[in-house]
>>> print(open('run-v3.cif').read())   # mmCIF, C-alpha atoms
data_query
#
loop_
_atom_site.group_PDB
_atom_site.id
_atom_site.type_symbol
_atom_site.label_atom_id
_atom_site.label_comp_id
_atom_site.auth_asym_id
_atom_site.auth_seq_id
_atom_site.Cartn_x
_atom_site.Cartn_y
_atom_site.Cartn_z
ATOM 1 C CA MET C 1 -78.724 62.529 -10.904
ATOM 2 C CA ARG C 2 -76.648 60.202 -13.067
ATOM 3 C CA LEU C 3 -76.303 56.702 -11.653
ATOM 4 C CA LEU C 4 -72.705 55.457 -11.869
ATOM 5 C CA TYR C 5 -73.101 52.143 -10.032
ATOM 6 C CA GLU C 6 -75.981 50.032 -8.780
ATOM 7 C CA HIS C 7 -75.964 46.633 -7.107
ATOM 8 C CA ARG C 8 -79.133 44.614 -6.555
ATOM 9 C CA ASN C 9 -80.041 41.044 -5.709
ATOM 10 C CA PRO C 10 -79.881 38.657 -8.644
ATOM 11 C CA PRO C 11 -83.338 38.105 -10.168
ATOM 12 C CA ARG C 12 -83.229 34.271 -9.874
ATOM 13 C CA THR C 13 -85.994 33.928 -12.447
ATOM 14 C CA GLY C 14 -84.910 30.332 -13.120
ATOM 15 C CA LEU C 15 -85.906 29.300 -9.599
ATOM 16 C CA LYS C 16 -89.200 31.169 -9.874
ATOM 17 C CA ALA C 17 -89.965 29.584 -13.235
ATOM 18 C CA ALA C 18 -89.049 26.168 -11.813
ATOM 19 C CA LEU C 19 -91.650 26.576 -9.050
ATOM 20 C CA ILE C 20 -94.313 27.443 -11.613
ATOM 21 C CA LEU C 21 -93.316 24.584 -13.932
ATOM 22 C CA ALA C 22 -93.288 22.088 -11.047
ATOM 23 C CA GLY C 23 -96.848 23.121 -10.205
ATOM 24 C CA ILE C 24 -97.868 22.781 -13.844
ATOM 25 C CA GLY C 25 -96.208 19.361 -13.969
ATOM 26 C CA ILE C 26 -98.177 18.139 -10.950
ATOM 27 C CA VAL C 27 -101.419 19.431 -12.509
ATOM 28 C CA ALA C 28 -100.605 17.665 -15.797
ATOM 29 C CA MET C 29 -99.821 14.462 -13.916
ATOM 30 C CA GLN C 30 -103.160 14.673 -12.094
ATOM 31 C CA VAL C 31 -105.068 15.267 -15.343
ATOM 32 C CA ILE C 32 -103.334 12.470 -17.265
ATOM 33 C CA ALA C 33 -103.295 9.858 -14.490
ATOM 34 C CA PRO C 34 -105.475 10.848 -11.515
ATOM 35 C CA THR C 35 -104.452 9.399 -8.180
ATOM 36 C CA GLU C 36 -106.753 7.299 -6.066
ATOM 37 C CA GLY C 37 -107.890 8.553 -2.732
ATOM 38 C CA LEU C 38 -109.501 11.845 -1.927
ATOM 39 C CA TRP C 39 -106.780 13.099 0.440
ATOM 40 C CA ARG C 40 -103.952 12.336 -1.974
ATOM 41 C CA THR C 41 -105.769 14.026 -4.859
ATOM 42 C CA TRP C 42 -106.588 17.149 -2.860
ATOM 43 C CA GLY C 43 -103.087 17.192 -1.383
ATOM 44 C CA LEU C 44 -101.447 17.121 -4.813
ATOM 45 C CA TRP C 45 -103.780 19.840 -6.124
ATOM 46 C CA ALA C 46 -103.011 21.989 -3.080
ATOM 47 C CA LEU C 47 -99.274 21.426 -3.553
ATOM 48 C CA ALA C 48 -99.487 22.340 -7.241
ATOM 49 C CA SER C 49 -101.481 25.475 -6.474
ATOM 50 C CA SER C 50 -99.050 26.493 -3.742
ATOM 51 C CA LEU C 51 -96.026 26.051 -6.007
ATOM 52 C CA MET C 52 -97.562 28.075 -8.818
ATOM 53 C CA LEU C 53 -98.749 30.859 -6.505
ATOM 54 C CA ALA C 54 -95.335 31.033 -4.809
ATOM 55 C CA GLY C 55 -93.574 31.289 -8.174
ATOM 56 C CA VAL C 56 -95.891 34.038 -9.395
ATOM 57 C CA ALA C 57 -95.619 35.926 -6.091
ATOM 58 C CA LEU C 58 -91.818 35.782 -6.210
ATOM 59 C CA LEU C 59 -91.873 37.061 -9.793
ATOM 60 C CA MET C 60 -93.847 40.085 -8.638
ATOM 61 C CA LEU C 61 -91.455 41.040 -5.824
ATOM 62 C CA PRO C 62 -88.941 43.680 -6.905
ATOM 63 C CA PRO C 63 -85.245 42.931 -6.383
ATOM 64 C CA ILE C 64 -83.559 44.513 -3.363
ATOM 65 C CA ILE C 65 -81.174 47.313 -4.291
ATOM 66 C CA HIS C 66 -78.160 47.519 -1.959
ATOM 67 C CA ILE C 67 -76.138 50.496 -3.171
ATOM 68 C CA TRP C 68 -76.294 53.400 -5.611
ATOM 69 C CA ILE C 69 -73.344 55.609 -6.467
ATOM 70 C CA THR C 70 -73.991 58.938 -8.154
ATOM 71 C CA GLN C 71 -71.575 61.741 -8.957
ATOM 72 C CA ARG C 72 -72.315 63.418 -5.630
ATOM 73 C CA GLU C 73 -73.127 60.696 -3.113
ATOM 74 C CA VAL C 74 -73.129 57.050 -2.108
ATOM 75 C CA ILE C 75 -76.594 55.802 -1.122
ATOM 76 C CA LEU C 76 -76.715 52.597 0.914
ATOM 77 C CA HIS C 77 -79.986 50.621 0.791
ATOM 78 C CA PRO C 78 -81.798 53.302 -1.253
ATOM 79 C CA LEU C 79 -85.294 51.788 -1.186
ATOM 80 C CA ARG C 80 -85.478 51.119 2.566
ATOM 81 C CA LEU C 81 -84.058 53.040 5.502
ATOM 82 C CA HIS C 82 -81.200 54.487 3.548
ATOM 83 C CA ARG C 83 -78.009 56.313 4.320
ATOM 84 C CA ARG C 84 -76.595 59.038 2.095
ATOM 85 C CA ILE C 85 -72.857 59.684 2.175
ATOM 86 C CA PRO C 86 -71.726 62.686 0.115
ATOM 87 C CA VAL C 87 -68.573 61.883 -1.859
ATOM 88 C CA GLN C 88 -66.868 65.005 -0.470
ATOM 89 C CA HIS C 89 -67.255 63.566 3.071
ATOM 90 C CA ILE C 90 -65.172 60.488 2.190
ATOM 91 C CA HIS C 91 -61.646 61.252 3.412
ATOM 92 C CA ASP C 92 -60.021 58.066 2.186
ATOM 93 C CA LEU C 93 -60.770 54.424 1.477
ATOM 94 C CA SER C 94 -58.978 51.141 1.921
ATOM 95 C CA LEU C 95 -59.512 47.694 0.454
ATOM 96 C CA SER C 96 -58.555 44.726 2.634
ATOM 97 C CA ASP C 97 -59.130 40.976 2.804
ATOM 98 C CA ALA C 98 -60.054 41.061 6.504
ATOM 99 C CA SER C 99 -63.270 39.080 6.144
ATOM 100 C CA SER C 100 -63.590 35.377 5.417
ATOM 101 C CA ASP C 101 -66.435 36.229 3.007
ATOM 102 C CA GLY C 102 -64.115 38.254 0.782
ATOM 103 C CA PRO C 103 -62.607 41.705 0.564
ATOM 104 C CA VAL C 104 -63.857 44.648 2.620
ATOM 105 C CA LEU C 105 -63.875 48.238 1.355
ATOM 106 C CA THR C 106 -63.635 50.678 4.260
ATOM 107 C CA LEU C 107 -64.746 54.263 3.704
ATOM 108 C CA ASN C 108 -63.134 56.602 6.244
ATOM 109 C CA LEU C 109 -65.326 59.670 6.560
ATOM 110 C CA ARG C 110 -64.149 63.154 7.507
ATOM 111 C CA ASN C 111 -65.990 62.971 10.844
ATOM 112 C CA GLY C 112 -63.890 59.936 11.878
ATOM 113 C CA GLU C 113 -66.586 57.373 11.173
ATOM 114 C CA GLN C 114 -65.857 54.219 9.174
ATOM 115 C CA VAL C 115 -68.333 52.546 6.824
ATOM 116 C CA GLU C 116 -67.512 49.001 5.727
ATOM 117 C CA LEU C 117 -68.802 47.653 2.435
ATOM 118 C CA GLU C 118 -68.590 43.887 2.046
ATOM 119 C CA SER C 119 -69.747 41.432 -0.599
ATOM 120 C CA TRP C 120 -73.377 42.626 -0.300
ATOM 121 C CA ALA C 121 -72.312 45.812 -2.139
ATOM 122 C CA GLY C 122 -71.158 43.994 -5.267
ATOM 123 C CA ASP C 123 -67.828 44.585 -7.048
ATOM 124 C CA LEU C 124 -65.743 46.363 -4.391
ATOM 125 C CA LYS C 125 -62.788 47.050 -6.697
ATOM 126 C CA ARG C 126 -65.075 48.780 -9.160
ATOM 127 C CA ILE C 127 -66.677 50.794 -6.337
ATOM 128 C CA ALA C 128 -63.210 51.860 -5.145
ATOM 129 C CA ALA C 129 -62.232 52.902 -8.671
ATOM 130 C CA ILE C 130 -65.422 54.918 -9.101
ATOM 131 C CA LEU C 131 -64.968 56.654 -5.746
ATOM 132 C CA GLN C 132 -61.343 57.456 -6.578
ATOM 133 C CA SER C 133 -62.396 58.945 -9.899
ATOM 134 C CA LEU C 134 -64.898 61.113 -8.017
ATOM 135 C CA GLY C 135 -62.192 62.450 -5.714
ATOM 136 C CA ALA C 136 -62.047 60.098 -2.724
ATOM 137 C CA MET C 137 -58.461 59.444 -1.695
ATOM 138 C CA GLY C 138 -57.099 55.945 -1.413
ATOM 139 C CA PRO C 139 -53.690 54.481 -0.644
ATOM 140 C CA PRO C 140 -51.102 54.915 -3.415
ATOM 141 C CA ASP C 141 -51.103 51.209 -4.273
ATOM 142 C CA MET C 142 -54.846 51.268 -5.044
ATOM 143 C CA ASP C 143 -54.651 52.428 -8.666
ATOM 144 C CA LEU C 144 -57.744 50.788 -10.095
ATOM 145 C CA ASP C 145 -59.502 51.515 -13.325
ATOM 146 C CA PRO C 146 -63.336 51.402 -13.519
ATOM 147 C CA ALA C 147 -63.186 47.853 -14.920
ATOM 148 C CA GLY C 148 -61.800 46.741 -11.569
ATOM 149 C CA GLN C 149 -58.337 45.723 -12.737
ATOM 150 C CA LYS C 150 -54.924 47.032 -11.690
ATOM 151 C CA ALA C 151 -53.532 49.755 -13.907
ATOM 152 C CA GLY C 152 -50.031 49.029 -15.053
#
>>> encode(input="run-v3.cif", output="structure tokens")
Amino acid sequence: MRLLYEHRNPPRTGLKAALILAGIGIVAMQVIAPTEGLWRTWGLWALASSLMLAGVALLMLPPIIHIWITQREVILHPLRLHRRIPVQHIHDLSLSDASSDGPVLTLNLRNGEQVELESWAGDLKRIAAILQSLGAMGPPDMDLDPAGQKAG
């Protein structure tokens, strides 16, 4: 199974590293210039520990994968309750700007069902180009190359 397209959540390692560094900064501040008062000291140590543990825990969580496209099928949410749509079951597809969040790619299946892919799926123009190259039919004005740009 050759993977043609995959979209997952961004890793956001900068935010995770910032949590860890903020915890380290609070620890360094407490070592260099300890605060007075037992509750304030313990509170700052607890805050620093919480920040560092949260950063490390977030680093260990795998990113969420939203869509895989192979040569034979489209798999939505492959690591959770997933849905497999064979490419041969896609009758046609249309790309529209119906949503305020951005464009919507609608897959019209041969059984009459419609599956809408929005911004959570990633680069919709690239997905449409890949599906067209695999044999899914689109409107004549949707000549897209795999880079996601209009062919001229």
>>> atom_distance(input="run-v3.cif", atom1="atom CA of Pro11 of chain C", atom2="atom CA of Val56 of chain C")
13.2 Å
>>> residues_around(input="run-v3.cif", residues="Arg110 of chain C", least_positions_apart="2", cutoff="7 Å", atoms="all atoms listed in the file", output="PyMOL selection string")
chain C and resi 89-91+108+112
>>> residues_around(input="run-v3.cif", residues="Arg80 of chain C", least_positions_apart="6", cutoff="10 Å", atoms="only C-alpha atoms", output="list in words")
Ile64, Ile65 and His66 of chain C
>>> atom_distance(input="run-v3.cif", atom1="atom CA of Gly14 of chain C", atom2="atom CA of Leu124 of chain C")
26.5 Å
>>> resolve_selection(input="run-v3.cif", expression="the PyMOL selection byres ((chain C and resi 77) around 10)", output="list of chain:residue names")
C:His7, C:Arg8, C:Ile64, C:Ile65, C:His66, C:Ile67, C:Trp68, C:Val74, C:Ile75, C:Leu76, C:Pro78, C:Leu79, C:Arg80, C:Leu81, C:His82, C:Arg83, C:Arg84, C:Ala121
>>> closest_residue(input="run-v3.cif", among="C:Glu6, C:Ser94, C:Ile26, C:Met52", to="Gln114 of chain C", atoms="only C-alpha atoms")
C:Ser94
>>> closest_residue(input="run-v3.cif", among="C:Pro62, C:Gly102, C:Gly37, C:Gly25", to="Gly122 of chain C", atoms="all atoms listed in the file")
C:Gly102
>>> closest_residue(input="run-v3.cif", among="C:Ala129, C:Val104, C:Ala18, C:Leu51", to="Leu4 of chain C", atoms="all atoms listed in the file")
C:Ala129
>>> atom_distance(input="run-v3.cif", atom1="atom CA of Val115 of chain C", atom2="atom CA of Leu95 of chain C")
11.9 Å
>>> resolve_selection(input="run-v3.cif", expression="the PyMOL selection byres ((chain C and resi 20) around 12)", output="list in words")
Thr13, Gly14, Leu15, Lys16, Ala17, Ala18, Leu19, Leu21, Ala22, Gly23, Ile24, Gly25, Ile26, Val27, Leu47, Ala48, Ser49, Ser50, Leu51, Met52, Leu53, Ala54, Gly55, Val56, Ala57, Leu58 and Leu59 of chain C
>>> resolve_selection(input="run-v3.cif", expression="the PyMOL selection byres ((chain C and resi 135) around 12)", output="ChimeraX atom specification")
/C:71-73,86-93,128-134,136-138
>>> axis_aligned_box(input="run-v3.cif", around="segment 108-112 of chain C", padding_each_side="3 Å", output="JSON")
{"center_x": -64.6, "center_y": 59.9, "center_z": 9.1, "size_x": 8.9, "size_y": 12.6, "size_z": 11.6}
